[in-house]
file run_8.json (JSON, C-alpha atoms)
[["chain", "number", "residue", "atom", "x", "y", "z"],
["A", 698, "MET", "CA", 104.35, 58.28, 156.20],
["A", 699, "THR", "CA", 103.68, 54.58, 155.69],
["A", 700, "THR", "CA", 106.68, 52.48, 154.69],
["A", 701, "TYR", "CA", 106.12, 49.37, 152.58],
["A", 702, "GLN", "CA", 108.04, 46.19, 151.91],
["A", 703, "GLY", "CA", 107.78, 43.54, 149.21],
["A", 704, "THR", "CA", 105.91, 40.64, 150.80],
["A", 705, "PRO", "CA", 105.61, 37.07, 149.46],
["A", 706, "LEU", "CA", 102.15, 35.51, 149.81],
["A", 707, "PHE", "CA", 101.09, 31.86, 149.53],
["A", 708, "GLY", "CA", 104.70, 30.64, 149.62],
["A", 709, "GLY", "CA", 105.86, 33.28, 147.17],
["A", 710, "ALA", "CA", 103.35, 32.45, 144.41],
["A", 711, "LEU", "CA", 102.01, 35.99, 144.83],
["A", 712, "VAL", "CA", 103.89, 39.09, 145.87],
["A", 713, "CYS", "CA", 102.96, 42.68, 146.67],
["A", 714, "ASP", "CA", 104.01, 45.57, 148.88],
["A", 715, "LEU", "CA", 102.40, 45.66, 152.32],
["A", 716, "PRO", "CA", 102.87, 48.18, 155.15],
["A", 717, "SER", "CA", 106.00, 47.20, 157.09],
["A", 718, "ASN", "CA", 104.12, 47.42, 160.41],
["A", 719, "PHE", "CA", 101.72, 44.60, 159.41],
["A", 720, "ALA", "CA", 102.32, 41.13, 160.89],
["A", 721, "ASP", "CA", 101.56, 37.70, 159.44],
["A", 722, "VAL", "CA", 98.70, 36.27, 161.55],
["A", 723, "SER", "CA", 99.63, 32.68, 160.61],
["A", 724, "LYS", "CA", 102.60, 33.01, 162.98],
["A", 725, "LEU", "CA", 100.12, 33.58, 165.82],
["A", 726, "ARG", "CA", 97.25, 31.26, 164.95],
["A", 727, "GLN", "CA", 96.08, 28.89, 162.25],
["A", 728, "VAL", "CA", 94.79, 30.48, 159.04],
["A", 729, "PRO", "CA", 92.86, 28.58, 156.30],
["A", 730, "ASP", "CA", 95.02, 27.38, 153.39],
["A", 731, "ASN", "CA", 93.16, 29.65, 150.95],
["A", 732, "GLN", "CA", 93.87, 32.78, 153.02],
["A", 733, "GLU", "CA", 96.73, 35.06, 154.02],
["A", 734, "VAL", "CA", 95.86, 37.35, 156.95],
["A", 735, "TRP", "CA", 97.91, 40.34, 158.06],
["A", 736, "ILE", "CA", 97.21, 42.69, 160.95],
["A", 737, "ASP", "CA", 98.42, 46.15, 161.92],
["A", 738, "ARG", "CA", 100.76, 45.85, 164.92],
["A", 739, "ASP", "CA", 99.93, 49.43, 165.91],
["A", 740, "GLY", "CA", 96.16, 49.39, 165.42],
["A", 741, "PHE", "CA", 93.13, 47.28, 164.58],
["A", 742, "THR", "CA", 93.14, 47.17, 160.77],
["A", 743, "SER", "CA", 93.51, 43.74, 159.14],
["A", 744, "LEU", "CA", 94.17, 42.65, 155.58],
["A", 745, "VAL", "CA", 92.94, 39.36, 154.11],
["A", 746, "PHE", "CA", 93.93, 37.78, 150.79],
["A", 747, "GLU", "CA", 91.55, 34.96, 149.91],
["A", 748, "ILE", "CA", 91.47, 32.59, 146.94],
["A", 749, "ASP", "CA", 87.94, 31.36, 146.22],
["A", 750, "GLU", "CA", 86.19, 29.40, 143.52],
["A", 751, "ARG", "CA", 84.82, 31.75, 140.87],
["A", 752, "VAL", "CA", 81.13, 32.50, 141.35],
["A", 753, "GLY", "CA", 78.55, 33.42, 138.74],
["A", 754, "GLU", "CA", 78.08, 32.62, 135.10],
["A", 755, "LYS", "CA", 80.74, 32.66, 132.39],
["A", 756, "GLY", "CA", 81.95, 35.89, 130.91],
["A", 757, "ASN", "CA", 82.28, 39.25, 132.57],
["A", 758, "GLY", "CA", 80.70, 42.66, 132.63],
["A", 759, "PRO", "CA", 79.18, 45.03, 135.18],
["A", 760, "GLU", "CA", 76.11, 42.84, 135.79],
["A", 761, "ILE", "CA", 77.86, 39.45, 136.09],
["A", 762, "ASP", "CA", 80.76, 40.83, 138.10],
["A", 763, "GLY", "CA", 78.49, 43.02, 140.22],
["A", 764, "LEU", "CA", 76.48, 39.97, 141.27],
["A", 765, "ALA", "CA", 79.72, 38.15, 142.12],
["A", 766, "MET", "CA", 80.85, 41.10, 144.23],
["A", 767, "THR", "CA", 77.53, 41.09, 146.10],
["A", 768, "THR", "CA", 77.77, 37.33, 146.68],
["A", 769, "HIS", "CA", 81.27, 37.59, 148.14],
["A", 770, "LEU", "CA", 80.37, 40.58, 150.31],
["A", 771, "GLU", "CA", 77.39, 38.67, 151.74],
["A", 772, "GLU", "CA", 79.67, 35.72, 152.54],
["A", 773, "ILE", "CA", 82.20, 37.99, 154.26],
["A", 774, "VAL", "CA", 79.75, 39.91, 156.45],
["A", 775, "GLY", "CA", 77.32, 37.01, 157.07],
["A", 776, "ASP", "CA", 74.45, 37.95, 159.37],
["A", 777, "ASP", "CA", 75.64, 41.57, 159.37],
["A", 778, "ILE", "CA", 74.48, 42.09, 155.77],
["A", 779, "GLU", "CA", 71.33, 43.97, 156.91],
["A", 780, "ARG", "CA", 73.54, 46.49, 158.72],
["A", 781, "THR", "CA", 75.99, 46.80, 155.81],
["A", 782, "LYS", "CA", 75.94, 49.85, 153.55],
["A", 783, "VAL", "CA", 77.92, 49.95, 150.29],
["A", 784, "TRP", "CA", 79.09, 53.50, 149.53],
["A", 785, "ASN", "CA", 80.66, 52.98, 146.13],
["A", 786, "THR", "CA", 81.97, 50.36, 143.71],
["A", 787, "THR", "CA", 84.58, 51.18, 141.07],
["A", 788, "PRO", "CA", 86.54, 49.27, 138.41],
["A", 789, "THR", "CA", 90.14, 48.75, 139.53],
["A", 790, "LEU", "CA", 93.32, 48.51, 137.47],
["A", 791, "PHE", "CA", 96.21, 46.36, 138.67],
["A", 792, "SER", "CA", 99.47, 47.68, 137.21],
["A", 793, "LYS", "CA", 101.12, 44.25, 136.90],
["A", 794, "LEU", "CA", 98.15, 42.16, 135.78],
["A", 795, "ASP", "CA", 96.77, 41.87, 132.25],
["A", 796, "GLU", "CA", 94.41, 44.81, 131.85],
["A", 797, "GLU", "CA", 91.84, 42.40, 130.39],
["A", 798, "ILE", "CA", 91.43, 40.85, 133.87],
["A", 799, "PRO", "CA", 88.38, 42.51, 135.48],
["A", 800, "ALA", "CA", 88.78, 43.87, 139.00],
["A", 801, "TYR", "CA", 86.51, 45.98, 141.18],
["A", 802, "THR", "CA", 86.72, 47.65, 144.57],
["A", 803, "LEU", "CA", 83.94, 48.65, 146.94],
["A", 804, "ILE", "CA", 83.88, 50.59, 150.17],
["A", 805, "ALA", "CA", 81.25, 49.52, 152.72],
["A", 806, "THR", "CA", 80.53, 50.03, 156.40],
["A", 807, "ILE", "CA", 78.96, 47.70, 158.95],
["A", 808, "SER", "CA", 76.98, 49.21, 161.82],
["A", 809, "PRO", "CA", 77.17, 47.39, 165.18],
["A", 810, "LYS", "CA", 74.43, 45.17, 166.47],
["A", 811, "LYS", "CA", 72.90, 46.50, 169.67],
["A", 812, "ALA", "CA", 72.21, 44.02, 172.43],
["A", 813, "PRO", "CA", 68.45, 44.14, 173.20],
["A", 814, "ALA", "CA", 68.95, 44.64, 176.95],
["A", 815, "ALA", "CA", 71.50, 47.41, 176.49],
["A", 816, "ALA", "CA", 69.32, 49.13, 173.91],
["A", 817, "ALA", "CA", 66.37, 49.08, 176.29],
["A", 818, "SER", "CA", 68.25, 50.26, 179.38],
["A", 819, "GLY", "CA", 70.70, 52.57, 177.67],
["A", 820, "SER", "CA", 73.57, 50.85, 179.48],
["A", 821, "SER", "CA", 76.54, 49.17, 177.89],
["A", 822, "SER", "CA", 78.88, 46.42, 179.04],
["A", 823, "SER", "CA", 82.67, 46.80, 179.10],
["A", 824, "SER", "CA", 83.00, 44.50, 176.08],
["A", 825, "GLU", "CA", 80.53, 46.68, 174.21],
["A", 826, "LYS", "CA", 82.60, 49.77, 174.98],
["A", 827, "ASN", "CA", 85.54, 48.11, 173.20],
["A", 828, "SER", "CA", 83.43, 47.10, 170.23],
["A", 829, "PRO", "CA", 83.65, 49.31, 167.13],
["A", 830, "ASP", "CA", 81.28, 52.19, 166.45],
["A", 831, "PHE", "CA", 81.38, 50.76, 162.95],
["A", 832, "THR", "CA", 83.73, 48.77, 160.72],
["A", 833, "ALA", "CA", 84.73, 49.93, 157.25],
["A", 834, "ILE", "CA", 85.52, 47.36, 154.57],
["A", 835, "ILE", "CA", 87.53, 47.94, 151.43],
["A", 836, "LEU", "CA", 86.97, 44.89, 149.25],
["A", 837, "THR", "CA", 88.78, 44.30, 145.96],
["A", 838, "LEU", "CA", 87.64, 41.43, 143.72],
["A", 839, "VAL", "CA", 89.87, 40.10, 140.92],
["A", 840, "ARG", "CA", 88.05, 37.88, 138.44],
["A", 841, "LEU", "CA", 90.38, 35.17, 137.09],
["A", 842, "GLU", "CA", 88.03, 33.41, 134.70],
["A", 843, "ARG", "CA", 90.66, 31.19, 133.04],
["A", 844, "GLU", "CA", 91.73, 29.91, 136.47],
["A", 845, "LYS", "CA", 88.07, 29.60, 137.62],
["A", 846, "THR", "CA", 89.11, 31.72, 140.58],
["A", 847, "ASP", "CA", 88.00, 34.85, 142.41],
["A", 848, "LEU", "CA", 90.75, 36.56, 144.36],
["A", 849, "LEU", "CA", 89.48, 38.72, 147.22],
["A", 850, "ILE", "CA", 91.55, 41.36, 148.98],
["A", 851, "THR", "CA", 89.70, 42.67, 152.03],
["A", 852, "ILE", "CA", 90.86, 45.46, 154.33],
["A", 853, "ASN", "CA", 88.84, 45.57, 157.56],
["A", 854, "VAL", "CA", 88.99, 48.87, 159.45],
["A", 855, "PRO", "CA", 87.26, 48.85, 162.88],
["A", 856, "HIS", "CA", 86.54, 52.33, 164.24],
["A", 857, "ILE", "CA", 86.69, 52.12, 168.04],
["A", 858, "ARG", "CA", 85.67, 55.14, 170.07],
["A", 859, "GLY", "CA", 88.71, 57.06, 171.28],
["A", 860, "GLU", "CA", 90.90, 55.59, 168.54],
["A", 861, "TYR", "CA", 89.71, 57.94, 165.77],
["A", 862, "ASN", "CA", 88.33, 61.45, 165.35],
["A", 863, "GLU", "CA", 84.57, 61.08, 164.87],
["A", 864, "GLU", "CA", 84.27, 64.53, 163.29],
["A", 865, "ASP", "CA", 86.63, 63.47, 160.49],
["A", 866, "VAL", "CA", 84.35, 60.69, 159.27],
["A", 867, "ASP", "CA", 81.18, 61.32, 157.29],
["A", 868, "LEU", "CA", 81.03, 59.08, 154.22],
["A", 869, "GLU", "CA", 77.82, 60.71, 153.02],
["A", 870, "LEU", "CA", 79.80, 63.94, 152.69],
["A", 871, "GLY", "CA", 82.85, 62.13, 151.32],
["A", 872, "ARG", "CA", 84.92, 62.47, 154.50],
["A", 873, "GLN", "CA", 86.74, 59.19, 155.06],
["A", 874, "GLY", "CA", 88.92, 60.08, 158.03],
["A", 875, "LYS", "CA", 92.48, 58.92, 158.62],
["A", 876, "LEU", "CA", 91.87, 55.19, 159.18],
["A", 877, "ILE", "CA", 89.89, 54.68, 155.98],
["A", 878, "GLY", "CA", 92.22, 57.03, 154.11],
["A", 879, "ASP", "CA", 95.20, 54.93, 155.18],
["A", 880, "ALA", "CA", 93.41, 51.73, 154.15],
["A", 881, "VAL", "CA", 92.67, 53.20, 150.71],
["A", 882, "ASP", "CA", 96.40, 53.95, 150.40],
["A", 883, "TYR", "CA", 97.22, 50.34, 151.35],
["A", 884, "ALA", "CA", 94.80, 49.10, 148.68],
["A", 885, "ALA", "CA", 96.27, 51.43, 146.04],
["A", 886, "LYS", "CA", 99.78, 50.17, 146.83],
["A", 887, "ILE", "CA", 98.56, 46.57, 146.42],
["A", 888, "TRP", "CA", 96.96, 47.41, 143.04],
["A", 889, "GLU", "CA", 100.25, 48.95, 141.95],
["A", 890, "THR", "CA", 102.61, 46.17, 143.12],
["A", 891, "PHE", "CA", 100.58, 42.92, 143.12],
["A", 892, "LYS", "CA", 102.13, 40.27, 140.89],
["A", 893, "VAL", "CA", 101.42, 36.59, 140.22],
["A", 894, "LYS", "CA", 104.72, 34.67, 140.12],
["A", 895, "ASP", "CA", 103.22, 31.17, 139.92],
["A", 896, "TRP", "CA", 99.83, 30.78, 138.25],
["A", 897, "ASN", "CA", 99.74, 27.11, 139.33],
["A", 898, "LEU", "CA", 98.74, 28.38, 142.78],
["A", 899, "PHE", "CA", 95.15, 28.68, 141.58],
["A", 900, "ASN", "CA", 95.07, 24.99, 140.63],
["A", 901, "GLU", "CA", 96.31, 23.93, 144.05],
["A", 902, "VAL", "CA", 94.18, 25.88, 146.54]]
call {"tool": "encode", "arguments": {"input": "run_8.json", "output": "structure tokens"}}
result
Amino acid sequence: MTTYQGTPLFGGALVCDLPSNFADVSKLRQVPDNQEVWIDRDGFTSLVFEIDERVGEKGNGPEIDGLAMTTHLEEIVGDDIERTKVWNTTPTLFSKLDEEIPAYTLIATISPKKAPAAAASGSSSSSEKNSPDFTAIILTLVRLEREKTDLLITINVPHIRGEYNEEDVDLELGRQGKLIGDAVDYAAKIWETFKVKDWNLFNEV
């Protein structure tokens, strides 16, 4: 059973409950000012809060916000976009935000890039053996139009062979497996507990 603790973000301007076994990456290495990055001490899952300039035209709705979601996803995955598959996108309700604020969540997976030589010979290097079979992404986008801001909450879930049960995961059949299931629980806890304590944050970043 995952235990959670109230966690201040961006100097306390934001707060939400995060799993107690997640560590603040900024204590280990430098993190951009517009990001908070947390990583599972017991695994490979990471959680990124990112404050970006709002993309897209004024107003909101499935089309405008859908395009914004696509734009942000492309920026996150970069050159991996051709190997990225989006499984679903759903509107998301944050319990402690105004319900007029649009938010959406998608689940996607990124397939690994095969090195040409390895693909041809069928061999794999030791670094390749430690690379994920695939990485799942749970991306939540909060559209703060008044603040001209898009808030992104990204949970990255690498699936490394030997670290998960392959038979438990088949997204086409709706089987998420434990790692993705846990990440969905983390996201749901964030939606339930996320609160803005200082709206001036979005003018400063």
call {"tool": "closest_residue", "arguments": {"input": "run_8.json", "among": "A:Glu796, A:Trp784, A:Ile804, A:Thr837", "to": "Val745 (chain A)", "atoms": "all atoms listed in the file"}}
result
A:Thr837
call {"tool": "residues_around", "arguments": {"input": "run_8.json", "residues": "Leu794 (chain A)", "least_positions_apart": "6", "cutoff": "10 Å", "atoms": "only C-alpha atoms", "output": "number ranges by chain"}}
result
A: 839, 888-893
call {"tool": "closest_residue", "arguments": {"input": "run_8.json", "among": "A:Lys793, A:Lys845, A:Arg840, A:Arg872", "to": "Asp762 (chain A)", "atoms": "only C-alpha atoms"}}
result
A:Arg840
call {"tool": "residues_around", "arguments": {"input": "run_8.json", "residues": "Leu876 (chain A)", "least_positions_apart": "5", "cutoff": "8 Å", "atoms": "all atoms listed in the file", "output": "PDB file with C-alpha atoms, in the frame of the given file"}}
result
ATOM      1  CA  VAL A 854      88.990  48.870 159.450  1.00  0.00           C
ATOM      2  CA  HIS A 856      86.540  52.330 164.240  1.00  0.00           C
ATOM      3  CA  TYR A 861      89.710  57.940 165.770  1.00  0.00           C
TER       4      TYR A 861
END
call {"tool": "residues_around", "arguments": {"input": "run_8.json", "residues": "Tyr701 (chain A)", "least_positions_apart": "4", "cutoff": "10 Å", "atoms": "all atoms listed in the file", "output": "PyMOL selection string"}}
result
chain A and resi 713-719+883+886
call {"tool": "atom_distance", "arguments": {"input": "run_8.json", "atom1": "CA of Thr700 (chain A)", "atom2": "CA of Ser828 (chain A)"}}
result
28.5 Å
call {"tool": "atom_distance", "arguments": {"input": "run_8.json", "atom1": "CA of Ala880 (chain A)", "atom2": "CA of Ile835 (chain A)"}}
result
7.5 Å
call {"tool": "atom_distance", "arguments": {"input": "run_8.json", "atom1": "CA of Ile778 (chain A)", "atom2": "CA of Ile807 (chain A)"}}
result
7.9 Å
call {"tool": "closest_residue", "arguments": {"input": "run_8.json", "among": "A:Val728, A:Leu706, A:Ile798, A:Leu838", "to": "Leu898 (chain A)", "atoms": "all atoms listed in the file"}}
result
A:Leu706
call {"tool": "decode", "arguments": {"input": "run_8.json", "residues": "region 791-810 of chain A", "atoms": "N, CA, C and O atoms", "output": "PDB file, in the first residue's frame"}}
result
ATOM      1  N   PHE A 791      -9.674  18.199 -11.074  1.00  0.00           N
ATOM      2  CA  PHE A 791      -8.862  18.426  -9.886  1.00  0.00           C
ATOM      3  C   PHE A 791      -9.790  18.879  -8.758  1.00  0.00           C
ATOM      4  O   PHE A 791     -10.485  19.879  -8.891  1.00  0.00           O
ATOM      5  N   SER A 792      -9.765  18.163  -7.642  1.00  0.00           N
ATOM      6  CA  SER A 792     -10.716  18.421  -6.561  1.00  0.00           C
ATOM      7  C   SER A 792     -10.594  19.823  -5.972  1.00  0.00           C
ATOM      8  O   SER A 792     -11.586  20.402  -5.530  1.00  0.00           O
ATOM      9  N   LYS A 793      -9.350  20.368  -5.958  1.00  0.00           N
ATOM     10  CA  LYS A 793      -9.133  21.650  -5.277  1.00  0.00           C
ATOM     11  C   LYS A 793      -8.829  22.799  -6.238  1.00  0.00           C
ATOM     12  O   LYS A 793      -8.316  23.839  -5.825  1.00  0.00           O
ATOM     13  N   LEU A 794      -9.147  22.603  -7.515  1.00  0.00           N
ATOM     14  CA  LEU A 794      -9.068  23.688  -8.488  1.00  0.00           C
ATOM     15  C   LEU A 794     -10.482  24.025  -8.953  1.00  0.00           C
ATOM     16  O   LEU A 794     -11.379  23.172  -8.904  1.00  0.00           O
ATOM     17  N   ASP A 795     -10.666  25.253  -9.420  1.00  0.00           N
ATOM     18  CA  ASP A 795     -11.952  25.644  -9.996  1.00  0.00           C
ATOM     19  C   ASP A 795     -12.319  24.667 -11.106  1.00  0.00           C
ATOM     20  O   ASP A 795     -11.510  24.389 -11.990  1.00  0.00           O
ATOM     21  N   GLU A 796     -13.531  24.137 -11.062  1.00  0.00           N
ATOM     22  CA  GLU A 796     -13.906  23.126 -12.057  1.00  0.00           C
ATOM     23  C   GLU A 796     -14.022  23.696 -13.467  1.00  0.00           C
ATOM     24  O   GLU A 796     -14.140  22.951 -14.433  1.00  0.00           O
ATOM     25  N   GLU A 797     -13.949  25.029 -13.576  1.00  0.00           N
ATOM     26  CA  GLU A 797     -13.946  25.658 -14.906  1.00  0.00           C
ATOM     27  C   GLU A 797     -12.573  25.548 -15.580  1.00  0.00           C
ATOM     28  O   GLU A 797     -12.438  25.807 -16.771  1.00  0.00           O
ATOM     29  N   ILE A 798     -11.539  25.220 -14.802  1.00  0.00           N
ATOM     30  CA  ILE A 798     -10.184  25.099 -15.361  1.00  0.00           C
ATOM     31  C   ILE A 798     -10.075  23.768 -16.097  1.00  0.00           C
ATOM     32  O   ILE A 798     -10.203  22.709 -15.481  1.00  0.00           O
ATOM     33  N   PRO A 799      -9.832  23.792 -17.425  1.00  0.00           N
ATOM     34  CA  PRO A 799      -9.765  22.532 -18.167  1.00  0.00           C
ATOM     35  C   PRO A 799      -8.489  21.754 -17.839  1.00  0.00           C
ATOM     36  O   PRO A 799      -7.409  22.332 -17.688  1.00  0.00           O
ATOM     37  N   ALA A 800      -8.634  20.448 -17.722  1.00  0.00           N
ATOM     38  CA  ALA A 800      -7.477  19.574 -17.523  1.00  0.00           C
ATOM     39  C   ALA A 800      -7.749  18.251 -18.228  1.00  0.00           C
ATOM     40  O   ALA A 800      -8.903  17.811 -18.334  1.00  0.00           O
ATOM     41  N   TYR A 801      -6.681  17.655 -18.717  1.00  0.00           N
ATOM     42  CA  TYR A 801      -6.797  16.410 -19.488  1.00  0.00           C
ATOM     43  C   TYR A 801      -5.629  15.508 -19.128  1.00  0.00           C
ATOM     44  O   TYR A 801      -4.547  15.977 -18.796  1.00  0.00           O
ATOM     45  N   THR A 802      -5.858  14.208 -19.240  1.00  0.00           N
ATOM     46  CA  THR A 802      -4.787  13.245 -18.994  1.00  0.00           C
ATOM     47  C   THR A 802      -4.738  12.234 -20.127  1.00  0.00           C
ATOM     48  O   THR A 802      -5.788  11.770 -20.591  1.00  0.00           O
ATOM     49  N   LEU A 803      -3.524  11.918 -20.577  1.00  0.00           N
ATOM     50  CA  LEU A 803      -3.365  10.864 -21.579  1.00  0.00           C
ATOM     51  C   LEU A 803      -2.414   9.804 -21.050  1.00  0.00           C
ATOM     52  O   LEU A 803      -1.584  10.058 -20.179  1.00  0.00           O
ATOM     53  N   ILE A 804      -2.582   8.610 -21.582  1.00  0.00           N
ATOM     54  CA  ILE A 804      -1.640   7.519 -21.342  1.00  0.00           C
ATOM     55  C   ILE A 804      -1.026   7.152 -22.687  1.00  0.00           C
ATOM     56  O   ILE A 804      -1.748   6.933 -23.662  1.00  0.00           O
ATOM     57  N   ALA A 805       0.305   7.138 -22.742  1.00  0.00           N
ATOM     58  CA  ALA A 805       1.020   6.816 -23.976  1.00  0.00           C
ATOM     59  C   ALA A 805       2.164   5.861 -23.659  1.00  0.00           C
ATOM     60  O   ALA A 805       2.565   5.712 -22.495  1.00  0.00           O
ATOM     61  N   THR A 806       2.667   5.215 -24.683  1.00  0.00           N
ATOM     62  CA  THR A 806       3.861   4.379 -24.530  1.00  0.00           C
ATOM     63  C   THR A 806       4.855   4.720 -25.633  1.00  0.00           C
ATOM     64  O   THR A 806       4.460   5.074 -26.754  1.00  0.00           O
ATOM     65  N   ILE A 807       6.133   4.622 -25.279  1.00  0.00           N
ATOM     66  CA  ILE A 807       7.212   4.842 -26.247  1.00  0.00           C
ATOM     67  C   ILE A 807       7.960   3.532 -26.429  1.00  0.00           C
ATOM     68  O   ILE A 807       8.459   2.953 -25.453  1.00  0.00           O
ATOM     69  N   SER A 808       8.030   3.062 -27.658  1.00  0.00           N
ATOM     70  CA  SER A 808       8.807   1.857 -27.962  1.00  0.00           C
ATOM     71  C   SER A 808      10.269   2.235 -28.091  1.00  0.00           C
ATOM     72  O   SER A 808      10.597   3.348 -28.509  1.00  0.00           O
ATOM     73  N   PRO A 809      11.196   1.319 -27.776  1.00  0.00           N
ATOM     74  CA  PRO A 809      12.622   1.644 -27.854  1.00  0.00           C
ATOM     75  C   PRO A 809      13.108   1.713 -29.287  1.00  0.00           C
ATOM     76  O   PRO A 809      12.533   1.092 -30.185  1.00  0.00           O
ATOM     77  N   LYS A 810      14.164   2.484 -29.461  1.00  0.00           N
ATOM     78  CA  LYS A 810      14.822   2.557 -30.766  1.00  0.00           C
ATOM     79  C   LYS A 810      15.855   1.440 -30.844  1.00  0.00           C
ATOM     80  O   LYS A 810      16.653   1.266 -29.927  1.00  0.00           O
TER      81      LYS A 810
END
